[in-house]
Structure formats: C-alpha cells, structure tokens
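work-v2.csv (CSV, C-alpha atoms)
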chain,number,residue,atom,x,y,z
F,1,MET,CA,60.6,73.3,118.3
F,2,ALA,CA,63.1,72.5,115.6
F,3,SER,CA,66.6,71.5,116.5
F,4,PRO,CA,69.0,74.4,116.5
F,5,LEU,CA,71.1,72.4,114.0
F,6,LYS,CA,68.3,72.1,111.6
F,7,GLN,CA,69.3,75.4,109.9
F,8,PHE,CA,72.5,73.7,108.8
F,9,GLU,CA,70.8,70.9,106.9
F,10,ILE,CA,71.6,70.7,103.3
F,11,ASN,CA,68.6,69.8,101.0
F,12,PRO,CA,68.9,69.2,97.3
F,13,ILE,CA,66.9,71.5,95.1
F,14,ILE,CA,67.9,70.0,91.8
F,15,PRO,CA,69.2,66.4,92.2
F,16,LEU,CA,72.3,65.9,90.1
F,17,GLN,CA,74.8,63.0,89.7
F,18,ILE,CA,78.2,63.3,88.0
F,19,GLY,CA,80.3,60.1,87.8
F,20,GLY,CA,78.5,58.5,90.6
F,21,ALA,CA,79.1,61.5,92.9
F,22,ASP,CA,76.1,63.4,94.3
F,23,VAL,CA,76.6,67.0,93.2
F,24,SER,CA,73.0,68.1,93.5
F,25,PHE,CA,72.2,71.8,93.4
F,26,THR,CA,71.4,72.3,97.1
F,27,ASN,CA,70.3,75.2,99.3
F,28,SER,CA,74.1,75.6,100.1
F,29,ALA,CA,74.9,75.8,96.4
F,30,LEU,CA,72.0,78.3,95.9
F,31,TYR,CA,73.5,80.6,98.5
F,32,MET,CA,77.0,80.3,97.1
F,33,ALA,CA,75.6,81.3,93.7
F,34,ILE,CA,73.6,84.2,95.2
F,35,ALA,CA,76.8,85.4,97.0
F,36,ALA,CA,78.9,85.2,93.9
F,37,VAL,CA,76.2,86.9,91.7
F,38,LEU,CA,75.6,89.6,94.4
F,39,CYS,CA,79.4,90.2,94.8
F,40,ALA,CA,80.0,90.4,91.1
F,41,GLY,CA,76.9,92.5,90.6
F,42,PHE,CA,77.9,94.9,93.4
F,43,MET,CA,81.4,95.4,91.9
F,44,ILE,CA,80.2,95.8,88.3
F,45,PHE,CA,76.9,97.7,88.9
F,46,GLY,CA,78.5,99.9,91.5
F,47,MET,CA,81.2,101.0,89.0
F,48,ARG,CA,78.9,101.2,86.0
F,49,ARG,CA,79.4,104.9,85.7
F,50,GLY,CA,83.1,104.9,86.8
F,51,ALA,CA,82.7,108.5,87.9
F,52,ILE,CA,85.6,110.6,89.1
F,53,VAL,CA,83.3,111.9,91.9
F,54,PRO,CA,81.7,108.6,93.1
F,55,GLY,CA,78.1,108.1,94.2
F,56,ARG,CA,77.1,106.2,97.3
F,57,LEU,CA,77.3,102.7,95.7
F,58,GLN,CA,80.6,103.4,93.9
F,59,CYS,CA,81.9,104.7,97.2
F,60,ALA,CA,81.1,101.4,98.8
F,61,VAL,CA,82.8,99.5,96.0
F,62,GLU,CA,85.9,101.6,96.2
F,63,LEU,CA,85.9,101.4,100.0
F,64,SER,CA,86.0,97.6,99.8
F,65,TYR,CA,88.7,97.8,97.1
F,66,GLU,CA,90.8,100.2,99.2
F,67,PHE,CA,90.2,98.2,102.4
F,68,ILE,CA,91.8,95.0,100.9
F,69,ALA,CA,94.4,96.9,98.9
F,70,ASN,CA,95.6,98.6,102.1
F,71,LEU,CA,95.5,95.3,104.0
F,72,LEU,CA,97.6,93.7,101.4
F,73,ARG,CA,100.1,96.6,101.2
F,74,ASP,CA,100.4,96.8,105.0
F,75,THR,CA,101.1,93.1,105.5
F,76,VAL,CA,102.9,92.1,102.3
F,77,GLY,CA,104.1,95.3,100.7
F,78,SER,CA,104.1,96.4,97.1
F,79,GLU,CA,105.0,92.9,95.7
F,80,GLY,CA,101.7,91.7,97.1
F,81,ARG,CA,99.7,93.5,94.4
F,82,LYS,CA,99.7,90.4,92.2
F,83,TYR,CA,97.7,88.5,94.7
F,84,PHE,CA,95.1,91.3,95.3
F,85,PRO,CA,92.3,89.8,93.1
F,86,PHE,CA,92.7,86.5,94.9
F,87,VAL,CA,92.6,88.0,98.4
F,88,PHE,CA,89.8,90.3,97.4
F,89,THR,CA,87.7,87.5,96.0
F,90,ILE,CA,88.1,85.3,99.1
F,91,PHE,CA,87.2,88.3,101.3
F,92,MET,CA,84.1,89.3,99.4
F,93,PHE,CA,82.9,85.7,99.0
F,94,VAL,CA,83.3,85.0,102.7
F,95,LEU,CA,81.8,88.3,103.7
F,96,PHE,CA,78.8,87.9,101.4
F,97,GLY,CA,78.3,84.3,102.6
F,98,ASN,CA,78.4,85.4,106.2
F,99,LEU,CA,76.1,88.4,105.7
F,100,LEU,CA,73.6,86.4,103.6
F,101,GLY,CA,73.5,83.9,106.4
F,102,MET,CA,72.2,86.6,108.7
F,103,THR,CA,69.0,86.9,106.6
F,104,PRO,CA,66.2,85.0,108.3
F,105,TYR,CA,65.4,81.6,106.8
F,106,SER,CA,68.6,81.7,104.7
F,107,PHE,CA,71.5,79.3,104.7
F,108,THR,CA,75.0,80.0,105.8
F,109,PHE,CA,77.4,78.1,103.6
F,110,THR,CA,80.4,79.3,105.6
F,111,SER,CA,79.1,77.3,108.6
F,112,HIS,CA,80.1,74.1,106.8
F,113,ILE,CA,83.6,73.0,107.6
F,114,ILE,CA,84.1,71.4,104.2
F,115,VAL,CA,83.6,74.8,102.5
F,116,THR,CA,85.9,76.7,104.8
F,117,PHE,CA,88.4,74.0,104.7
F,118,ALA,CA,88.4,73.8,100.9
F,119,MET,CA,89.2,77.6,100.8
F,120,ALA,CA,91.8,77.3,103.5
F,121,PHE,CA,93.4,74.3,101.8
F,122,VAL,CA,93.6,76.1,98.4
F,123,ILE,CA,95.2,79.1,100.2
F,124,PHE,CA,97.6,76.7,102.0
F,125,VAL,CA,98.6,74.9,98.9
F,126,GLY,CA,98.9,78.1,97.0
F,127,VAL,CA,101.2,79.9,99.5
F,128,THR,CA,103.3,76.7,99.8
F,129,VAL,CA,103.8,76.5,96.1
F,130,LEU,CA,104.5,80.2,96.0
F,131,GLY,CA,107.2,79.8,98.7
F,132,PHE,CA,108.9,77.0,96.7
F,133,VAL,CA,108.7,78.8,93.4
F,134,LYS,CA,110.1,82.0,95.0
F,135,HIS,CA,112.8,80.4,97.2
F,136,GLY,CA,113.3,76.8,96.1
F,137,PHE,CA,114.6,74.5,98.8
F,138,HIS,CA,115.7,77.6,100.8
F,139,PHE,CA,112.0,77.8,101.7
F,140,PHE,CA,112.6,75.1,104.3
F,141,SER,CA,114.6,77.6,106.3
F,142,PHE,CA,111.2,79.0,107.1
F,143,PHE,CA,110.9,76.2,109.7
F,144,VAL,CA,113.9,77.4,111.5
F,145,PRO,CA,113.2,80.6,113.4
F,146,PRO,CA,116.1,83.0,112.9
F,147,GLY,CA,118.6,83.1,115.9
F,148,THR,CA,117.7,79.6,117.1
F,149,PRO,CA,120.7,77.9,118.8
F,150,LEU,CA,121.6,74.6,117.2
F,151,PRO,CA,120.7,72.3,120.1
F,152,LEU,CA,117.1,73.5,119.9
F,153,TYR,CA,116.7,72.5,116.2
F,154,PRO,CA,115.3,69.0,117.0
F,155,LEU,CA,112.7,70.6,119.2
F,156,LEU,CA,111.8,73.7,117.2
F,157,ILE,CA,111.7,72.4,113.7
F,158,PRO,CA,108.9,69.8,114.4
F,159,ILE,CA,106.9,72.5,116.2
F,160,GLU,CA,107.3,74.9,113.3
F,161,ILE,CA,106.3,72.2,110.8
F,162,ILE,CA,103.3,71.2,112.8
F,163,SER,CA,102.2,74.8,113.2
F,164,TYR,CA,102.7,75.3,109.5
F,165,LEU,CA,100.6,72.2,108.6
F,166,SER,CA,97.9,73.2,111.0
F,167,ARG,CA,97.4,76.5,109.3
F,168,PRO,CA,94.6,75.3,107.0
F,169,ILE,CA,92.8,73.7,109.9
F,170,SER,CA,93.0,76.7,112.2
F,171,LEU,CA,92.0,79.0,109.3
F,172,SER,CA,89.0,76.9,108.3
F,173,VAL,CA,87.9,75.9,111.8
F,174,ARG,CA,88.0,79.6,113.0
F,175,LEU,CA,85.5,80.7,110.4
F,176,PHE,CA,83.3,77.6,110.5
F,177,ALA,CA,83.1,77.5,114.4
F,178,ASN,CA,82.3,81.2,114.6
F,179,MET,CA,79.4,80.8,112.1
F,180,LEU,CA,78.2,77.5,113.6
F,181,ALA,CA,78.3,78.8,117.2
F,182,GLY,CA,76.7,82.2,116.4
F,183,HIS,CA,73.8,80.8,114.5
F,184,THR,CA,73.2,78.0,116.9
F,185,LEU,CA,73.2,80.4,119.8
F,186,LEU,CA,70.8,82.7,118.0
F,187,LYS,CA,68.5,79.7,117.3
F,188,VAL,CA,68.6,78.4,120.9
F,189,ILE,CA,67.9,81.7,122.5
F,190,ALA,CA,65.2,82.5,119.9
F,191,GLY,CA,63.6,79.1,121.0
F,192,PHE,CA,63.0,80.5,124.5
F,193,VAL,CA,61.0,83.5,123.2
F,194,GLY,CA,57.9,81.4,122.6
F,195,LEU,CA,58.4,79.2,125.6
F,196,LEU,CA,58.6,82.0,128.2
F,197,GLY,CA,55.3,83.7,127.3
F,198,VAL,CA,55.3,87.3,128.4
F,199,PHE,CA,58.9,87.0,129.7
F,200,GLY,CA,59.9,86.0,126.2
F,201,ILE,CA,60.6,89.7,125.7
F,202,LEU,CA,63.9,89.1,127.5
F,203,PRO,CA,65.4,86.5,125.1
F,204,LEU,CA,63.9,88.5,122.3
F,205,ALA,CA,65.8,91.5,123.3
F,206,PHE,CA,68.9,89.4,123.7
F,207,VAL,CA,68.4,87.9,120.2
F,208,VAL,CA,68.2,91.4,118.8
F,209,ALA,CA,71.4,92.4,120.4
F,210,LEU,CA,73.1,89.2,119.4
F,211,THR,CA,72.0,89.7,115.8
F,212,GLY,CA,74.0,92.9,115.8
F,213,LEU,CA,76.9,91.1,117.3
F,214,GLU,CA,76.6,88.4,114.6
F,215,VAL,CA,76.7,91.0,111.8
F,216,LEU,CA,79.9,92.3,113.4
F,217,ILE,CA,81.3,88.8,113.5
F,218,ALA,CA,80.4,88.3,109.9
F,219,PHE,CA,82.6,91.2,109.0
F,220,LEU,CA,85.3,90.3,111.5
F,221,GLN,CA,85.7,86.7,110.3
F,222,ALA,CA,85.8,87.7,106.7
F,223,TYR,CA,88.5,90.3,107.7
F,224,VAL,CA,90.4,87.7,109.7
F,225,PHE,CA,90.3,85.2,106.8
F,226,ALA,CA,91.6,87.8,104.5
F,227,ILE,CA,94.4,89.1,106.8
F,228,LEU,CA,95.6,85.6,107.5
F,229,THR,CA,95.7,84.9,103.8
F,230,CYS,CA,97.8,88.1,103.4
F,231,LEU,CA,100.1,87.0,106.3
F,232,TYR,CA,100.6,83.6,104.7
F,233,ILE,CA,101.4,85.1,101.4
F,234,ASN,CA,103.9,87.4,103.2
F,235,ASP,CA,105.6,84.4,104.9
F,236,SER,CA,106.0,82.7,101.5
F,237,LEU,CA,107.4,85.8,99.8
F,238,ASN,CA,109.7,87.0,102.6
F,239,LEU,CA,110.3,84.0,104.9
F,240,HIS,CA,109.7,85.7,108.3
B,1,MET,CA,75.3,67.5,112.7
B,2,PRO,CA,75.0,67.9,108.9
B,3,GLN,CA,78.5,69.4,108.8
B,4,LEU,CA,80.1,66.0,109.5
B,5,ASP,CA,78.2,64.1,106.9
B,6,PRO,CA,80.7,63.1,104.2
B,7,SER,CA,78.0,62.3,101.6
B,8,LEU,CA,77.4,66.1,101.4
B,9,PHE,CA,81.0,67.0,100.8
B,10,ALA,CA,81.0,66.4,97.1
B,11,THR,CA,78.2,68.7,96.2
B,12,GLN,CA,79.5,71.5,98.4
B,13,LEU,CA,83.0,71.2,96.9
B,14,PHE,CA,81.6,71.0,93.4
B,15,TRP,CA,79.4,74.1,93.8
B,16,LEU,CA,82.0,76.0,95.7
B,17,ALA,CA,84.4,75.5,92.8
B,18,LEU,CA,81.6,76.4,90.3
B,19,THR,CA,80.8,79.7,92.0
B,20,LEU,CA,84.1,80.8,93.5
B,21,ILE,CA,86.2,80.3,90.4
B,22,PRO,CA,83.9,82.2,88.0
B,23,LEU,CA,83.6,84.9,90.7
B,24,TYR,CA,87.4,85.1,90.9
B,25,LEU,CA,87.8,85.3,87.1
B,26,VAL,CA,85.1,88.0,86.8
B,27,LEU,CA,86.5,90.1,89.6
B,28,TRP,CA,90.1,89.6,88.4
B,29,LYS,CA,89.5,90.3,84.7
B,30,VAL,CA,86.5,92.6,84.7
B,31,ALA,CA,85.5,94.3,87.9
B,32,LEU,CA,88.8,95.1,89.7
B,33,PRO,CA,90.6,96.6,86.7
B,34,ARG,CA,87.7,98.9,86.2
B,35,VAL,CA,87.9,100.1,89.9
B,36,GLY,CA,91.7,100.5,89.5
B,37,ASP,CA,91.2,102.4,86.2
B,38,VAL,CA,88.8,104.8,87.8
B,39,ARG,CA,91.1,105.4,90.8
B,40,ALA,CA,94.1,105.9,88.5
B,41,ARG,CA,92.1,108.3,86.4
B,42,ARG,CA,91.0,110.2,89.5
B,43,ARG,CA,94.6,110.4,90.8
B,44,GLU,CA,95.8,111.7,87.4
B,45,ARG,CA,93.0,114.2,87.2
B,46,ILE,CA,93.8,115.5,90.7
B,47,GLU,CA,97.5,115.8,89.9
B,48,ASP,CA,96.6,117.5,86.6
B,49,ASP,CA,94.3,119.9,88.3
B,50,LEU,CA,96.9,120.7,91.0
B,51,LYS,CA,99.5,121.3,88.2
B,52,LYS,CA,97.0,123.5,86.4
B,53,ALA,CA,96.2,125.4,89.6
B,54,GLU,CA,99.9,125.9,90.2
B,55,GLY,CA,100.3,127.3,86.7
B,56,LEU,CA,97.3,129.6,87.2
B,57,LYS,CA,98.7,130.7,90.5
B,58,ALA,CA,102.0,131.6,88.9
B,59,GLU,CA,100.2,133.4,86.1
B,60,ALA,CA,98.1,135.3,88.7
B,61,GLU,CA,101.2,136.3,90.6
B,62,ALA,CA,102.8,137.5,87.5
B,63,ALA,CA,99.7,139.5,86.6
B,64,LEU,CA,99.7,140.9,90.2
B,65,ALA,CA,103.3,142.0,89.9
B,66,GLU,CA,102.6,143.6,86.5
B,67,TYR,CA,99.6,145.4,87.9
B,68,GLN,CA,101.6,146.6,90.9
B,69,ALA,CA,104.3,147.9,88.6
B,70,VAL,CA,101.8,149.7,86.5
B,71,ILE,CA,100.2,151.2,89.6
B,72,ALA,CA,103.5,152.3,90.9
B,73,GLN,CA,104.4,153.9,87.6
B,74,ALA,CA,101.0,155.6,87.4
B,75,THR,CA,101.3,156.8,91.0
B,76,GLN,CA,104.7,158.2,90.2
B,77,LYS,CA,103.4,160.0,87.1
B,78,ALA,CA,100.5,161.4,89.0
B,79,GLN,CA,102.7,162.7,91.8
B,80,ASP,CA,105.0,164.3,89.3
B,81,ALA,CA,102.1,165.9,87.6
B,82,LEU,CA,100.6,167.0,90.9
B,83,ARG,CA,103.9,168.5,92.0
B,84,ALA,CA,104.4,170.4,88.7
B,85,ALA,CA,100.8,171.7,88.8
B,86,ALA,CA,101.3,172.8,92.4
B,87,HIS,CA,104.5,174.6,91.6
B,88,GLU,CA,103.0,176.3,88.6
B,89,ALA,CA,100.0,177.3,90.6
B,90,SER,CA,102.1,178.8,93.4
B,91,GLU,CA,104.2,180.7,90.9
B,92,ASP,CA,101.1,182.0,89.3
B,93,ALA,CA,99.7,183.1,92.6
B,94,ALA,CA,102.9,184.8,93.5
B,95,ARG,CA,103.0,186.7,90.2
B,96,GLN,CA,99.4,187.8,90.6
B,97,ARG,CA,100.0,188.8,94.2
B,98,GLU,CA,102.9,191.0,93.1
B,99,ALA,CA,100.9,192.6,90.3
B,100,LEU,CA,98.1,193.2,92.7
B,101,SER,CA,100.4,194.8,95.3
B,102,VAL,CA,102.0,197.0,92.7
B,103,ARG,CA,98.6,198.2,91.6
B,104,LEU,CA,97.4,198.7,95.1
B,105,THR,CA,100.4,200.7,96.0
B,106,ALA,CA,99.9,202.9,92.9
B,107,GLU,CA,96.3,203.4,93.7
B,108,GLY,CA,97.1,204.1,97.3
B,109,ASP,CA,99.7,206.7,96.3
B,110,ALA,CA,97.2,208.3,93.9
B,111,ALA,CA,94.6,208.4,96.6
B,112,GLN,CA,97.1,209.8,99.1
B,113,ALA,CA,97.9,212.6,96.6
B,114,ARG,CA,94.2,213.2,96.0
B,115,ILE,CA,93.6,213.4,99.7
B,116,GLU,CA,96.4,215.9,100.2
B,117,ALA,CA,95.3,218.1,97.3
B,118,GLU,CA,91.7,218.0,98.6
B,119,SER,CA,92.9,218.9,102.1
B,120,ARG,CA,95.0,221.7,100.8
B,121,ARG,CA,92.1,223.0,98.9
B,122,VAL,CA,89.8,222.8,101.9
B,123,ILE,CA,92.4,224.6,104.1
B,124,ASP,CA,92.5,227.3,101.4
B,125,ASP,CA,88.7,227.5,101.3
B,126,ILE,CA,88.5,227.8,105.1
B,127,GLY,CA,90.0,231.4,104.9
B,128,VAL,CA,87.3,232.4,102.4
B,129,ILE,CA,84.5,230.8,104.3
B,130,ALA,CA,85.7,232.3,107.6
B,131,SER,CA,86.0,235.8,106.0
B,132,GLU,CA,82.5,235.6,104.6
B,133,LEU,CA,81.3,234.3,108.0
B,134,ALA,CA,83.1,237.2,109.7
B,135,GLN,CA,81.6,239.7,107.3
B,136,SER,CA,78.0,238.5,107.8
B,137,ALA,CA,78.5,238.2,111.6
B,138,ALA,CA,79.8,241.7,111.8
B,139,ARG,CA,76.8,243.1,109.8
B,140,ARG,CA,74.3,241.2,111.9
B,141,LEU,CA,75.9,241.9,115.3
B,142,ALA,CA,77.4,245.3,114.9
B,143,GLY,CA,75.6,246.6,111.8
B,144,ALA,CA,79.0,247.4,110.4
B,145,ASP,CA,79.6,247.0,106.8
B,146,ILE,CA,82.9,245.4,106.4
B,147,SER,CA,84.5,245.1,103.0
B,148,PRO,CA,85.6,241.7,101.9
B,149,GLU,CA,89.3,242.8,101.9
B,150,GLU,CA,89.0,243.8,105.6
B,151,ALA,CA,87.4,240.5,106.5
B,152,VAL,CA,90.1,238.6,104.8
B,153,ALA,CA,92.8,240.5,106.5
B,154,ALA,CA,91.1,240.1,109.9
B,155,VAL,CA,90.7,236.3,109.3
B,156,ALA,CA,94.4,236.0,108.2
B,157,ALA,CA,95.3,237.9,111.4
B,158,ALA,CA,93.2,235.6,113.5
B,159,GLN,CA,94.7,232.6,111.8
B,160,ARG,CA,98.1,233.9,112.4
B,161,GLU,CA,97.3,234.5,116.1
B,162,ALA,CA,95.8,230.9,116.4
B,163,GLY,CA,99.0,229.6,115.0
Could I get this structure in the form of structure tokens?
Amino acid sequence: MASPLKQFEINPIIPLQIGGADVSFTNSALYMAIAAVLCAGFMIFGMRRGAIVPGRLQCAVELSYEFIANLLRDTVGSEGRKYFPFVFTIFMFVLFGNLLGMTPYSFTFTSHIIVTFAMAFVIFVGVTVLGFVKHGFHFFSFFVPPGTPLPLYPLLIPIEIISYLSRPISLSVRLFANMLAGHTLLKVIAGFVGLLGVFGILPLAFVVALTGLEVLIAFLQAYVFAILTCLYINDSLNLH
Amino acid sequence: MPQLDPSLFATQLFWLALTLIPLYLVLWKVALPRVGDVRARRRERIEDDLKKAEGLKAEAEAALAEYQAVIAQATQKAQDALRAAAHEASEDAARQREALSVRLTAEGDAAQARIEAESRRVIDDIGVIASELAQSAARRLAGADISPEEAVAAVAAAQREAG
C-alpha cells in the first residue's frame, strides 16, 4: 500500500530550468493551469449569451458573482467594490483547486503550504500597503485597540503586532492543513478497505461519507479564505 | 512530506504566478465586466418594465374612468328616454280609456233607449195579443162571437183591474 502522503508528491512533467532554478512543469502546475482555465472558461462560457433571463450555467456564474459581491459588501461596504476582482479570483482559484483535488487520482495544489502561503502573503502585503496608502502613518493606530488605557500599551501593542504579522501564516496554514488532513484521512481509511476483506464495506461507507464532507470543506475553506481577505481589506480601509 | 521540500518551492511559486495572474487579468478585464453588464442591463430592463407597467396602469385607469363616465351618461340618457316613453304611454292610455268610456257610455245610453222603446212596444202589443187570445178563447169555449172592439175593451178592463 502506498503511503498516504504519496498523493502530495510533486513530479515534473516537463523539466524546465530558468536561471538555475528548477521551474519544471509539474503535476501541481498542471492542476493550477486546469483550475485557471476551468475558472476562466466557466465565467466566459457561462456568460456567452449574456441573457436577461439566464440559463442554468449563467445562473451558476451569476450566483458565484453575487456571492462574492455580497460578501464584500457586507464586510467592507461599497468602497470594497474596487477589490472585487481580486477577491473573486482568489476565491474561485482556491475553490477550483480544492474541488479538482477531490477528483480521484488528481493533485490538490492547495495542499501545499508554499502555494497557500504565497497567496496569503500577497494578500497580507497588499492590505498592508493599502492601509499605508489610505491612512499614512496613522495606520499604526491599528495596533492600538480603541479605548485601551495607557498603562496597557506596552502589553497590547506587541500582541496586536504579532497577531497582525501572523495573519498570513494563519490564513495559509488553515487552508493547507485542512486540505492535507482531509486528503490524508481519506487515503488512510481507504487503505483499510482492501485489508479488511468483507468488512471493508465499513471503511468504504466511511470514505463515501467523508468524501461528501471533504467537498463541503472544499467550499468552506475557499469561503473562509475569501471572507478573511475581505476582513483584512476592511481593516486596512477602516482601521477597526 | 513533499510539502516541506524547499527544492519544490520555486516551481510551485513560478507556476502559481503564471496561472493566477493571467486568471486575475482575464476575470478582471473580460469575464467580470460582462457579468456586471448583464446584471446592470437586467436591472435597467426591470426598472424600465416597471415604469412602463405603471404608465400602462395609469392609462388603463384613465380609460376605465372614461368608460365609467360614458356608461353613467348613457344610463342617464336611457333612463330619461324610458321615463319619457312611460309618461307618453300612460298619457296615451288615459286618453284612449277616456275615449272608450265616452263611446261605451253613448252606446249604453243608446241601448238603454232601444230597450225602453222595445219594452214599450211589447207592452202595447200585449193588449192586442191578449184581446185576440180572449176573442179566440171565447169562440172556442163559449161559441160566442165577440167583436174585436169588445175584446179590446174587456182586456183593457181586465188590465185596469189587475192594476
């Protein structure tokens, strides 16, 4: 039986070197490309008729559009509209990556910390720059919760700064760990199906149920990633 | 764990950038504006239709009011005509009734006069019949031949006696 972690292995498909760095086209890259193409295709093909009365596929496109638009409006408000394409792209890319990972024999690129961290880091740098552009040095007041008594400043400011700096880590680890744990668990339990013979029906049933749960988690983690992005944008724009 | 192998970081970061950035540009510049356009067009269309519907409703209400006014006018006219006709008819009937009663009264009077004349004539005739009867009765019963004058005198006497 293969190791439950074997599914996370990255294998080059087309070896490629740029400036001494290995940037081979791998199975991970393949699924990123599939996710991007599917996502763009879904959005463009679904809207090809642009009908006033939408069909099923157009309904799905508009539903995703409305979902993120509402999310952004509820957390940030109307000035968040500028960041809609960004949040939408992040959400759809993570969602398609998670869902593609649920296909048997496929690869889940969101189960790699470097991918989720890269996205979280871009978001973190982006909202920090946004905060400074919007508020200048006044942005530092973000690290002082309103109504804090002066004697508590030495205690609270470091805590706030640490919590702020740990945002990209918590954001990326949450997604990565959920994907890693879910897929590993599925693999481990699926491994028992063959070993238990007739009683393998029990882990099989469990795997079926768990697959449903994993699909739910695929949606949920994409949603969480998007809503936290919205909240960070809101913090930068409105400072608490 | 392959996740912790730094030699695999470069390729993942490279391909993440190479897929996510074009996706962002495509969604930002092409796909999302189209969705927004369609939604804006739909909203406009709905508002337009609502406005049009409101206009049509007002029009329909105006038409209804006009219709009701016409109906009321027509009803009024019809009632007037009906009343006039009824009045005329009743006057006509009264006139005819009066004419009829006048004619009937005249005819009744005439008939009354005729009846009286007839009865007078019959009463006059009774004397003659009675005298002829008395004459023939006397001949048959008594074998006496009475002259008509005697018979008439006897009948007149008997009539006088009877009152």
TODO: Show me which bits of chain F are within 9 Å of chain B, counting only C-alpha atoms, as a count of residues only.
DONE: 48
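Distances to Gln135 of chain B were evaluated for B:Glu59, B:Glu161, B:Glu149, B:Glu91 using only C-alpha atoms, and the minimum falls at B:Glu149.
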Task: Point-to-point distance in Å for atom CA of Ala84 of chain B and atom CA of Val70 of chain B - done: 21.0 Å
Task: Two-atom distance - atom CA of Ser170 of chain F, atom CA of Asn27 of chain F (Å) - done: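 Separating atom CA of Ser170 of chain F from atom CA of Asn27 of chain F is a distance of 26.2 Å.
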- [ ] Name the residues in contact with segment 232-236 of chain F at a cut-off of 6 Å, using all atoms listed in the file, excluding same-chain residues fewer than 4 positions from it; report them as a VMD selection string.
- [x] chain F and resid 76 127 131 240
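Atom CA of Phe225 of chain F lies 8.7 Å from atom CA of Ala120 of chain F.
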Open item on the list: Which residue is closest to Phe140 of chain F? Choose from F:Glu66, F:Glu160, F:Asp74, F:Glu214 and count only C-alpha atoms.
Closed with: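 Smallest distance to Phe140 of chain F is found for F:Glu160.
Compared by their closest atoms to Leu63 of chain F, and using only C-alpha atoms, the residues F:Gly41, F:Asn98, F:Gly46, F:Ala205 rank with F:Gly46 nearest.
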- [ ] Please return, as a list in words, all polymer residues that have at least one atom within 7 Å of the point (91.9, 236.6, 107.0); use all atoms listed in the file and the file's own coordinate frame.
- [x]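 Selection result: Gly127, Ser131, Ala151, Val152, Ala153, Ala154, Val155, Ala156, Ala157, Ala158 and Gln159 of chain B.
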N, CA, C and O atoms restored at segment 165-177 of chain F, emitted as a compact mmCIF listing (two decimals), keeping the file's coordinate frame:
# COMPACT_ATOMS: atom_id res chain seq x y z
N LEU F 165 101.63 73.16 109.19
CA LEU F 165 100.60 72.20 108.60
C LEU F 165 99.25 72.45 109.20
O LEU F 165 98.25 72.12 108.55
N SER F 166 99.20 72.98 110.40
CA SER F 166 97.90 73.20 111.00
C SER F 166 97.21 74.47 110.57
O SER F 166 96.08 74.74 110.94
N ARG F 167 97.94 75.25 109.76
CA ARG F 167 97.40 76.50 109.30
C ARG F 167 96.01 76.34 108.59
O ARG F 167 95.07 77.08 108.92
N PRO F 168 95.89 75.44 107.63
CA PRO F 168 94.60 75.30 107.00
C PRO F 168 93.49 74.93 107.94
O PRO F 168 92.33 75.36 107.80
N ILE F 169 93.86 74.12 108.94
CA ILE F 169 92.80 73.70 109.90
C ILE F 169 92.41 74.85 110.77
O ILE F 169 91.21 75.12 110.93
N SER F 170 93.38 75.59 111.31
CA SER F 170 93.00 76.70 112.20
C SER F 170 92.23 77.76 111.40
O SER F 170 91.25 78.33 111.89
N LEU F 171 92.68 78.00 110.17
CA LEU F 171 92.00 79.00 109.30
C LEU F 171 90.56 78.62 109.06
O LEU F 171 89.65 79.45 109.18
N SER F 172 90.36 77.35 108.72
CA SER F 172 89.00 76.90 108.30
C SER F 172 88.11 76.76 109.58
O SER F 172 86.95 77.14 109.57
N VAL F 173 88.69 76.20 110.65
CA VAL F 173 87.90 75.90 111.80
C VAL F 173 87.44 77.25 112.49
O VAL F 173 86.32 77.36 113.00
N ARG F 174 88.31 78.27 112.43
CA ARG F 174 88.00 79.60 113.00
C ARG F 174 86.67 80.11 112.42
O ARG F 174 85.74 80.49 113.13
N LEU F 175 86.63 80.14 111.10
CA LEU F 175 85.50 80.70 110.40
C LEU F 175 84.24 79.79 110.63
O LEU F 175 83.16 80.26 111.02
N PHE F 176 84.43 78.50 110.41
CA PHE F 176 83.30 77.60 110.50
C PHE F 176 82.73 77.59 111.94
O PHE F 176 81.52 77.68 112.13
N ALA F 177 83.60 77.55 112.97
CA ALA F 177 83.10 77.50 114.40
C ALA F 177 82.42 78.77 114.76
O ALA F 177 81.40 78.74 115.46
